[in-house]
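What follows is a set of notes on a single structure, which appears directly below.
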Amino acid sequence: MTRRSFLRVAPRQWSDAWDGTKAIAPLMVGCAIFGMAFGALIRDAGINPWAGLFGTTTVVAGASQIAIVEAVRANAPAIVAILTAILINARFALYSAALAPMWAEFPRRWRFGLAYFMTDQSAVIAMREAEGQEVVRRRWFAAGASVSFVVVWVLGTILGLILGPIIPEHWQVGFIVPLMFIAVLVPGLRNLAQLVTIGGAAAVVLLGHGWPFGLNVFFGIIAGMAAGATFDAWQEKRRAVVGGLS
């Protein structure tokens, strides 16, 4: 018996989106806690809750949102808050460069829509699972991971706004982001060069977890890329030397 489409979407595409949701689900608990912490921070900073919620649904980037709120709470000039957010979110340019070839065949509305919902975690999930997927499944899988993760983030923020400062400081909520970043990358390792890349990124992300403005993630990505590229070049050179000797 053929199943009917729902909201003009075929059952196969709903299944692909559900696969994306399941792939990112292990990271949703941390996302919800981080969202609650941000909501509580908005209340603590005396910012209008509606303004904070608007920021959550438009910026969709926890580290930069917290940096903006901290700047506002410290009475920093608006330009400082804006430039800080731009610096932290610069890492999304790296995600865009990596995802562009994988999403090149998507309709424009899909590329723009997925870019809006993209987060660190869903970007890596999409890249990790893109290999071997046909185009339609690839975009629905990415949509399932991205949209569901953002929904959890927004709901967490709303809970934080309603319940207030309920997250104890000793939980070190800011440490959740680096842990989620590493957790989502490790399952995608397939060769030694990738291991070096992730190892370099993880080392900087963890060692710099106390750095301001979430810069540990930004520099972790750069360090990982540099380590992986250096190791790959060393491997190529070593193969050439060994080949010449033989």
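In the structure tokens, the first chain shown is A, the next is B, and so on; residue numbers restart at 1 for each chain, and ligands run from 1 in the order shown.
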
Closest atom pairs, segment 36-72 of chain A residues within 10 Å of segment 112-131 of chain A, only C-alpha atoms, as a tab-separated table:
```
residue	atom	partner	partner_atom	distance
A:Thr57	CA	A:Phe117	CA	9.5
A:Thr58	CA	A:Tyr116	CA	8.4
A:Val59	CA	A:Tyr116	CA	8.7
A:Val60	CA	A:Phe117	CA	7.3
A:Ala61	CA	A:Thr119	CA	6.9
A:Gly62	CA	A:Thr119	CA	9.2
```

Output of the above residues as a CSV table (one decimal), in the first residue's frame, restricted to N, CA and C atoms:
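Below you can see again14.csv, which holds the result:
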```csv
chain,number,residue,atom,x,y,z
A,57,THR,N,16.1,33.7,17.6
A,57,THR,CA,15.5,33.2,16.3
A,57,THR,C,16.1,33.9,15.1
A,58,THR,N,16.8,34.9,15.2
A,58,THR,CA,17.4,35.6,14.0
A,58,THR,C,18.9,35.3,13.9
A,59,VAL,N,19.6,35.4,15.1
A,59,VAL,CA,21.1,35.1,15.0
A,59,VAL,C,21.4,33.7,15.0
A,60,VAL,N,20.8,32.9,15.8
A,60,VAL,CA,20.9,31.4,15.8
A,60,VAL,C,22.4,31.0,16.0
A,61,ALA,N,23.1,31.6,17.0
A,61,ALA,CA,24.5,31.3,17.2
A,61,ALA,C,24.8,31.6,18.7
A,62,GLY,N,24.7,30.6,19.5
A,62,GLY,CA,24.8,30.8,21.0
A,62,GLY,C,26.0,31.5,21.5
```

- Item | Residue nearest Ile158 of chain A among A:Gln235, A:Thr56, A:Asn89, A:Asn48 (counting only C-alpha atoms) |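 Smallest distance to Ile158 of chain A is found for A:Thr56.
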
- Task: Return the single residue from A:Gly210, A:Ala229, A:Ser15, A:Phe219 that is closest to Thr197 of chain A, with distances computed using only C-alpha atoms.
- Result: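 Smallest distance to Thr197 of chain A is found for A:Ala229.
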
- Can you tell me, as a PyMOL selection string, what residues are no more than 7 Å from segment 33-41 of chain A when counting only C-alpha atoms, ignoring any on the same chain fewer than 3 positions away? chain A and resi 29-30+44-45+66+153-154+156-161+164-165+167+173
